[in-house]
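*Asks:* Sharing coords.txt (compact mmCIF, C-alpha atoms and all ligand atoms) below.
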```
# COMPACT_ATOMS: atom_id res chain seq x y z
CA MET B 2 0.00 0.00 0.00
CA ASN B 3 1.34 3.32 -1.10
CA VAL B 4 0.16 6.44 0.80
CA LEU B 5 0.34 9.58 -1.33
CA SER B 6 -0.44 13.19 -0.51
CA SER B 7 -1.09 16.33 -2.49
CA LYS B 8 -2.81 19.69 -2.42
CA SER B 9 -6.12 19.39 -4.20
CA PHE B 10 -9.39 20.92 -5.34
CA ILE B 11 -12.68 19.07 -5.44
CA VAL B 12 -14.13 18.84 -8.94
CA SER B 13 -17.21 16.74 -8.16
CA ILE B 14 -18.81 14.68 -5.41
CA LYS B 15 -21.21 11.82 -5.90
CA LYS B 16 -23.05 9.89 -3.20
CA MET B 17 -22.46 6.17 -3.23
CA ASN B 18 -24.48 3.76 -1.11
CA GLU B 19 -25.65 5.20 2.18
CA ALA B 20 -22.53 6.78 3.57
CA ASP B 21 -19.79 6.62 0.95
CA LEU B 22 -18.70 9.28 -1.49
CA LEU B 23 -16.95 9.24 -4.83
CA ILE B 24 -14.87 12.38 -5.17
CA VAL B 25 -13.03 13.71 -8.21
CA TYR B 26 -10.04 15.92 -7.36
CA VAL B 27 -7.59 17.98 -9.34
CA THR B 28 -4.34 17.55 -7.47
CA GLU B 29 -1.12 19.49 -7.65
CA ASP B 30 1.07 16.41 -8.07
CA TYR B 31 -0.99 13.70 -9.75
CA GLY B 32 -3.45 15.50 -12.02
CA LYS B 33 -7.10 14.49 -11.85
CA ILE B 34 -7.82 11.53 -9.58
CA VAL B 35 -10.96 9.74 -8.44
CA CYS B 36 -11.15 8.89 -4.74
CA PHE B 37 -13.47 6.64 -2.83
CA ALA B 38 -14.26 8.07 0.61
CA ASN B 39 -15.46 5.17 2.70
CA ASN B 40 -18.17 6.06 5.23
CA ALA B 41 -17.44 9.76 4.62
CA ARG B 42 -20.96 10.99 5.34
CA LYS B 43 -20.86 9.45 8.81
CA SER B 44 -17.25 10.01 9.88
CA LYS B 45 -17.62 13.66 10.73
CA LYS B 46 -14.30 13.93 12.47
CA ARG B 47 -12.31 12.97 9.40
CA PHE B 48 -14.15 14.84 6.70
CA LEU B 49 -16.77 17.25 8.05
CA GLY B 50 -16.54 20.66 6.38
CA LYS B 51 -13.52 19.59 4.33
CA LEU B 52 -15.31 18.10 1.34
CA GLU B 53 -16.54 21.31 -0.23
CA PRO B 54 -15.89 22.89 -3.61
CA ALA B 55 -14.10 26.27 -3.54
CA MET B 56 -11.64 25.03 -0.94
CA LEU B 57 -7.98 24.07 -1.21
CA THR B 58 -7.21 20.99 0.82
CA SER B 59 -4.29 18.72 1.48
CA ILE B 60 -5.34 15.12 0.98
CA LYS B 61 -3.80 11.77 1.80
CA PHE B 62 -4.88 8.78 -0.21
CA TYR B 63 -3.66 5.36 -1.12
CA GLU B 64 -3.84 3.12 -4.10
CA LYS B 65 -4.19 -0.63 -4.06
CA ALA B 66 -2.90 -2.86 -6.81
CA GLY B 67 -5.66 -3.76 -9.25
CA MET B 68 -7.97 -0.96 -8.12
CA SER B 69 -8.64 2.03 -10.33
CA LEU B 70 -9.97 4.15 -7.46
CA ALA B 71 -7.77 5.79 -4.86
CA ILE B 72 -8.94 5.51 -1.25
CA LEU B 73 -9.27 8.83 0.54
CA TYR B 74 -7.64 8.63 3.91
CA GLU B 75 -7.31 12.13 5.39
CA VAL B 76 -8.24 15.70 4.42
CA ASP B 77 -6.98 19.00 5.84
CA SER B 78 -8.16 22.45 4.88
CA VAL B 79 -5.45 24.75 3.44
CA GLU B 80 -7.36 27.72 1.98
CA GLU B 81 -11.06 28.44 1.94
CA TYR B 82 -12.83 30.67 -0.55
CA LYS B 83 -15.88 31.31 1.60
CA ASN B 84 -17.13 34.39 -0.28
CA ILE B 85 -17.62 32.26 -3.40
CA ARG B 86 -19.74 29.78 -1.50
CA LYS B 87 -21.92 32.59 -0.13
CA ASN B 88 -22.56 34.18 -3.53
CA ILE B 89 -24.99 32.14 -5.64
CA ASN B 90 -23.84 33.61 -8.99
CA ALA B 91 -20.17 33.04 -8.21
CA TYR B 92 -20.96 29.52 -7.01
CA MET B 93 -22.90 28.71 -10.21
CA SER B 94 -20.03 30.05 -12.27
CA ILE B 95 -17.53 27.87 -10.42
CA SER B 96 -19.79 24.84 -10.91
CA LYS B 97 -19.59 25.40 -14.66
CA LEU B 98 -15.78 25.63 -14.58
CA LEU B 99 -15.64 22.41 -12.57
CA GLU B 100 -17.97 20.63 -15.00
CA ILE B 101 -15.56 21.54 -17.83
CA THR B 102 -12.58 20.42 -15.76
CA LYS B 103 -14.21 17.10 -14.89
CA ALA B 104 -15.03 16.33 -18.52
CA LEU B 105 -11.85 17.41 -20.25
CA VAL B 106 -8.89 16.98 -17.92
CA PRO B 107 -7.48 13.47 -18.37
CA GLU B 108 -7.08 11.28 -15.31
CA LYS B 109 -3.67 10.86 -13.65
CA ASP B 110 -2.02 13.21 -16.10
CA LYS B 111 -0.21 15.87 -14.06
CA ASN B 112 -1.08 19.35 -15.32
CA ILE B 113 0.16 21.98 -12.91
CA MET B 114 -1.20 24.72 -15.21
CA ILE B 115 -4.79 23.59 -14.62
CA PHE B 116 -4.23 23.32 -10.85
CA ASN B 117 -2.71 26.82 -10.74
CA LEU B 118 -5.46 28.22 -12.96
CA LEU B 119 -8.12 26.96 -10.57
CA ARG B 120 -6.25 28.38 -7.59
CA ASP B 121 -5.71 31.78 -9.24
CA VAL B 122 -9.36 32.07 -10.27
CA TYR B 123 -10.62 30.99 -6.83
CA MET B 124 -8.40 33.53 -5.06
CA SER B 125 -9.26 36.40 -7.39
CA LEU B 126 -13.00 35.64 -7.47
CA ASN B 127 -13.14 35.22 -3.70
CA ASP B 128 -11.64 38.72 -3.27
CA ALA B 129 -13.92 40.21 -5.90
CA VAL B 130 -17.20 38.87 -4.52
CA GLY B 131 -16.08 39.80 -1.00
CA ASN B 132 -16.15 43.40 -2.22
CA ASP B 133 -19.72 43.14 -3.44
CA CYS B 134 -18.88 43.11 -7.15
CA GLY B 135 -21.30 43.09 -10.08
CA GLU B 136 -22.23 40.23 -12.39
CA ASP B 137 -19.69 41.38 -15.01
CA ILE B 138 -16.75 40.63 -12.68
CA ILE B 139 -17.99 37.04 -12.33
CA LEU B 140 -18.27 36.78 -16.13
CA LYS B 141 -14.72 38.10 -16.52
CA HIS B 142 -13.45 35.39 -14.18
CA GLU B 143 -15.35 32.78 -16.17
CA LEU B 144 -13.87 34.08 -19.42
CA TYR B 145 -10.37 34.18 -17.92
CA PHE B 146 -10.70 30.57 -16.78
CA ILE B 147 -12.16 29.20 -20.00
CA SER B 148 -9.66 31.02 -22.27
CA ASN B 149 -6.69 29.75 -20.26
CA PHE B 150 -8.19 26.29 -19.86
CA LEU B 151 -8.40 25.95 -23.67
CA LYS B 152 -4.77 27.03 -23.88
CA HIS B 153 -3.57 24.58 -21.23
CA ILE B 154 -5.32 21.60 -22.78
CA GLY B 155 -4.08 22.58 -26.22
CA ILE B 156 -7.27 23.60 -28.04
CA PHE B 157 -7.01 27.38 -27.94
CA PRO B 158 -8.48 28.72 -31.22
CA ASN B 159 -6.11 29.88 -33.92
CA PHE B 160 -6.93 33.54 -34.58
CA THR B 161 -3.82 34.54 -36.51
CA ALA B 162 -4.09 32.55 -39.74
CA CYS B 163 -6.57 30.52 -41.76
CA THR B 164 -6.79 27.09 -40.12
CA LEU B 165 -7.11 25.43 -43.55
CA CYS B 166 -4.73 27.26 -45.92
CA SER B 167 -2.52 29.18 -43.42
CA LYS B 168 -3.21 32.56 -45.06
CA LYS B 169 -2.45 35.29 -42.50
CA ASN B 170 -5.43 36.95 -40.80
CA THR B 171 -3.74 40.36 -41.01
CA ASP B 172 -6.70 42.66 -40.59
CA ASN B 173 -8.71 40.32 -38.38
CA TYR B 174 -11.45 40.07 -41.01
CA PHE B 175 -11.65 36.26 -41.12
CA THR B 176 -14.70 34.37 -39.93
CA PHE B 177 -14.46 31.41 -37.54
CA SER B 178 -15.18 27.74 -37.72
CA ILE B 179 -15.93 25.91 -34.48
CA GLU B 180 -15.34 22.61 -36.24
CA LYS B 181 -11.89 23.65 -37.50
CA GLY B 182 -11.00 25.34 -34.21
CA GLY B 183 -10.16 28.79 -35.53
CA ALA B 184 -10.11 31.45 -38.22
CA VAL B 185 -10.91 30.67 -41.87
CA CYS B 186 -10.26 32.95 -44.85
CA SER B 187 -13.08 33.98 -47.21
CA SER B 188 -12.26 31.40 -49.88
CA CYS B 189 -12.00 28.49 -47.42
CA ALA B 190 -15.15 29.70 -45.62
CA LYS B 191 -17.28 28.95 -48.71
CA THR B 192 -17.44 25.26 -47.90
CA LEU B 193 -17.87 25.60 -44.14
CA LYS B 194 -20.35 26.72 -41.54
CA THR B 195 -18.74 29.78 -40.04
CA ILE B 196 -19.58 32.49 -37.53
CA GLU B 197 -18.61 36.12 -37.19
CA LEU B 198 -16.68 37.05 -34.08
CA PRO B 199 -16.09 40.77 -33.45
CA ILE B 200 -12.46 41.91 -33.39
CA SER B 201 -13.04 43.22 -29.87
CA ALA B 202 -13.91 39.67 -28.74
CA VAL B 203 -10.73 38.25 -30.31
CA LYS B 204 -8.68 40.94 -28.58
CA ILE B 205 -10.26 40.25 -25.18
CA ILE B 206 -9.73 36.47 -25.45
CA ASN B 207 -6.08 37.01 -26.45
CA LEU B 208 -5.62 39.41 -23.56
CA MET B 209 -6.94 36.79 -21.14
CA VAL B 210 -4.33 34.20 -22.13
CA ASN B 211 -1.45 36.67 -22.15
CA SER B 212 -2.00 38.13 -18.67
CA ASN B 213 -2.39 37.06 -15.07
CA THR B 214 -5.62 37.51 -13.09
CA SER B 215 -4.88 41.21 -12.50
CA ILE B 216 -6.27 41.78 -16.02
CA ILE B 217 -9.75 40.88 -14.75
CA SER B 218 -10.30 44.06 -12.75
CA LYS B 219 -8.58 46.23 -15.38
CA LEU B 220 -10.58 44.96 -18.34
CA ASN B 221 -13.25 47.31 -19.56
CA ALA B 222 -15.82 45.34 -21.57
CA LYS B 223 -19.56 45.37 -22.03
CA GLU B 224 -21.46 42.43 -20.56
CA TYR B 225 -22.81 41.29 -23.97
CA VAL B 226 -19.26 41.22 -25.40
CA LEU B 227 -18.14 39.04 -22.48
CA ARG B 228 -21.10 36.73 -23.08
CA ASP B 229 -20.26 36.51 -26.81
CA CYS B 230 -16.66 35.56 -25.98
CA ILE B 231 -17.77 32.92 -23.46
CA ASN B 232 -20.36 31.51 -25.84
CA PHE B 233 -17.81 31.17 -28.64
CA LEU B 234 -15.33 29.36 -26.38
CA GLU B 235 -18.04 27.13 -24.89
CA ASN B 236 -18.96 26.03 -28.39
CA ILE B 237 -15.35 25.03 -29.00
CA LEU B 238 -15.33 23.09 -25.70
CA SER B 239 -18.59 21.32 -26.52
CA PHE B 240 -17.41 20.40 -30.00
CA TYR B 241 -14.13 19.08 -28.59
CA ALA B 242 -15.88 17.14 -25.81
CA GLY B 243 -18.45 15.75 -28.25
CA ASN B 244 -21.30 16.74 -25.96
CA SER B 245 -23.04 19.75 -24.55
CA PHE B 246 -22.41 20.66 -20.95
CA LYS B 247 -25.36 20.90 -18.56
CA SER B 248 -24.27 24.30 -17.29
CA PHE B 249 -23.84 25.83 -20.76
CA ASN B 250 -26.52 27.99 -22.23
CA LEU B 251 -25.33 27.79 -25.82
CA ASP B 252 -26.31 30.27 -28.47
CA LYS B 253 -28.13 28.48 -31.29
CA ARG B 254 -26.43 30.66 -33.95
CA TYR B 255 -23.40 28.33 -33.87
ZN ZN X 1 -8.01 29.61 -46.12
```
Output the structure of this file as structure tokens.
*Replies:*
Amino acid sequence: MNVLSSKSFIVSIKKMNEADLLIVYVTEDYGKIVCFANNARKSKKRFLGKLEPAMLTSIKFYEKAGMSLAILYEVDSVEEYKNIRKNINAYMSISKLLEITKALVPEKDKNIMIFNLLRDVYMSLNDAVGNDCGEDIILKHELYFISNFLKHIGIFPNFTACTLCSKKNTDNYFTFSIEKGGAVCSSCAKTLKTIELPISAVKIINLMVNSNTSIISKLNAKEYVLRDCINFLENILSFYAGNSFKSFNLDKRY
């Protein structure tokens, strides 16, 4: 038996039997793992108040030969993002980000970028909602997360050149193909279903992946532009995942 430990974020929790839980974590050292927490709903001393989303914990778990699930052994709280849990809009937004993470991050494939992205967004959003922010700040956090998530899993859209013929998108006049994952020039667009994406949206998405979270409070953007950006990126995620996410409210134009 090999006892392992790592800092971790809960991605999802599912009840199993009467008292057990199945918990998906993104860990700092082992990527996404699935843990079985035996009798967790009854053993208050070990787990009470420590199995919540929007919380950084240190977990100990072990793996047994021939078993795909890790067994959760001990949990300690490291950082709590309580403001997020108290704000329904922020909490809903985080649930969406976790749904994406659960579906698209491969198991046991260490990706420190995803772990750090979650931590950065939690910390920044927790501060923002603590200061009684508006809905647009929550949307900016969502956009920051999704843009960087696409980058870290390697499906960030190509805005700079035609995805099919490599012609340069010099004046940003190309349309976009969700299916091809980026810009397409006017001649290649003839055979494809494409969408228009305003230049301002392209600029904002690029800004998000080339900055740290301090960009979120500095960014000046209208709410409908933020929603357009998020919708575009969610369509890319859905196409890549091969399914629609429950928390997405996708625009039918795409
Ligand atoms: Zn082309």
*Asks:* Excluding same-chain residues fewer than 3 positions from Thr214 of chain B, what lies within 12 Å of it counting only C-alpha atoms, as a PyMOL selection string?
*Replies:* chain B and resi 117-126+128-129+138+141-146+148-149+208-211+217-220
*Asks:* Could you give me, as a list in words, the residues within 8 Å of segment 19-31 of chain B, counting all atoms listed in the file and dropping anything in the same chain fewer than 3 positions from it?
*Replies:* Ser7, Lys8, Ser9, Phe10, Ile11, Val12, Ser13, Ile14, Lys15, Lys16, Ile34, Val35, Cys36, Phe37, Ala38, Asn39, Asn40, Ala41, Arg42, Lys43, Lys103, Lys109, Asp110, Lys111, Asn112, Ile113 and Phe116 of chain B
*Asks:* Kindly assemble as a tab-separated table a list of the chain B residues that lie within 7 Å of ligand ZN 1 (chain X), each paired with its nearest atom pair and their distance in Å to one decimal, using all atoms listed in the file, sorted first by chain and then by ascending residue number.
*Replies:*
```
residue	atom	partner	partner_atom	distance
B:Cys163	CA	X:ZN1	ZN	4.7
B:Thr164	CA	X:ZN1	ZN	6.6
B:Leu165	CA	X:ZN1	ZN	5.0
B:Cys166	CA	X:ZN1	ZN	4.0
B:Ser167	CA	X:ZN1	ZN	6.1
B:Lys168	CA	X:ZN1	ZN	5.7
B:Val185	CA	X:ZN1	ZN	5.3
B:Cys186	CA	X:ZN1	ZN	4.2
B:Ser187	CA	X:ZN1	ZN	6.8
B:Ser188	CA	X:ZN1	ZN	6.0
B:Cys189	CA	X:ZN1	ZN	4.3
```
*Asks:* Give me, please, the distance in Å between atom CA of Asn170 of chain B and atom CA of Lys204 of chain B, quoted to one decimal.
*Replies:*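 We find that atom CA of Asn170 of chain B and atom CA of Lys204 of chain B lie 13.3 Å from each other.
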*Asks:* Hey, which of B:Ile206, B:Asp77, B:Ala162, B:Ile89 ends up closest to Lys46 of chain B? Count only C-alpha atoms.
*Replies:*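 For Lys46 of chain B, the nearest of the candidates is B:Asp77.
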*Asks:* Counting all atoms listed in the file, what is within 10 Å of Lys181 of chain B, bar same-chain residues fewer than 6 positions away, as JSON, numbers by chain?
*Replies:* {"B": [158, 159, 163, 164, 165, 193, 194, 195, 237, 240]}
*Asks:* What does the distance from atom CA of Ala104 of chain B to atom CA of Asn244 of chain B come to in Å, to one decimal?
*Replies:*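 Going from atom CA of Ala104 of chain B over to atom CA of Asn244 of chain B covers 9.7 Å.
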*Asks:* Using atom CA of Ile115 of chain B and atom CA of Ser248 of chain B as the two end points, give the distance in Å to one decimal.
*Replies:*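 Between atom CA of Ile115 of chain B and atom CA of Ser248 of chain B the gap is 19.7 Å.
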*Asks:* Might you pull out every residue within 12 Å of Lys65 of chain B, with all atoms listed in the file counted and same-chain residues fewer than 3 positions away left off, and present them as number ranges by chain?
*Replies:* B: 2-5, 36-37, 62, 68-73
*Asks:* In terms of the shortest atom-to-atom distance over all atoms listed in the file, which of B:Tyr82, B:Phe48, B:Phe160, B:Tyr63 is closest to Ala202 of chain B?
*Replies:*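 Closest to Ala202 of chain B, using all atoms listed in the file: B:Phe160.
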*Asks:* Check the smallest atom-to-atom distance from each of B:Val203, B:Leu238, B:Ala91, B:Ala66 to Glu136 of chain B using only C-alpha atoms, then report the winner.
*Replies:*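 Once distances to Glu136 of chain B are computed over only C-alpha atoms, the minimum belongs to B:Ala91.
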*Asks:* Write out as a PyMOL selection string each polymer residue whose atoms come within 10 Å of Lys51 of chain B, counting only C-alpha atoms; drop sequence neighbours fewer than 3 positions from it.
*Replies:* chain B and resi 11+45-48+54+56-60+75-79+81
*Asks:* Identify the residues around (-22.3, 30.6, -11.5) within a radius of 10 Å, measuring from only C-alpha atoms in the coordinates stated by the file, and give them as a ChimeraX atom specification.
*Replies:* /B:85,88-98,136,139-140,143,248
*Asks:* Please determine an axis-aligned box that encloses all atoms of segment 119-137 of chain B listed in the file, with 8 Å added on each side, and express its centre and edge lengths in Å to one decimal as JSON.
*Replies:*
```
{"center_x": -14.0, "center_y": 35.2, "center_z": -8.0, "size_x": 32.5, "size_y": 32.4, "size_z": 30.0}
```
*Asks:* Go through B:Ile216, B:Leu234, B:Arg228, B:Gly131 and flag the residue nearest Ser178 of chain B, using only C-alpha atoms for the distances.
*Replies:*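 The shortest atom-to-atom distance to Ser178 of chain B comes from B:Leu234.
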*Asks:* So which one's closest to Glu224 of chain B, B:Gly135, B:Asn207, B:Lys152, B:Thr192? Using all atoms listed in the file, please.
*Replies:*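 Once distances to Glu224 of chain B are computed over all atoms listed in the file, the minimum belongs to B:Gly135.
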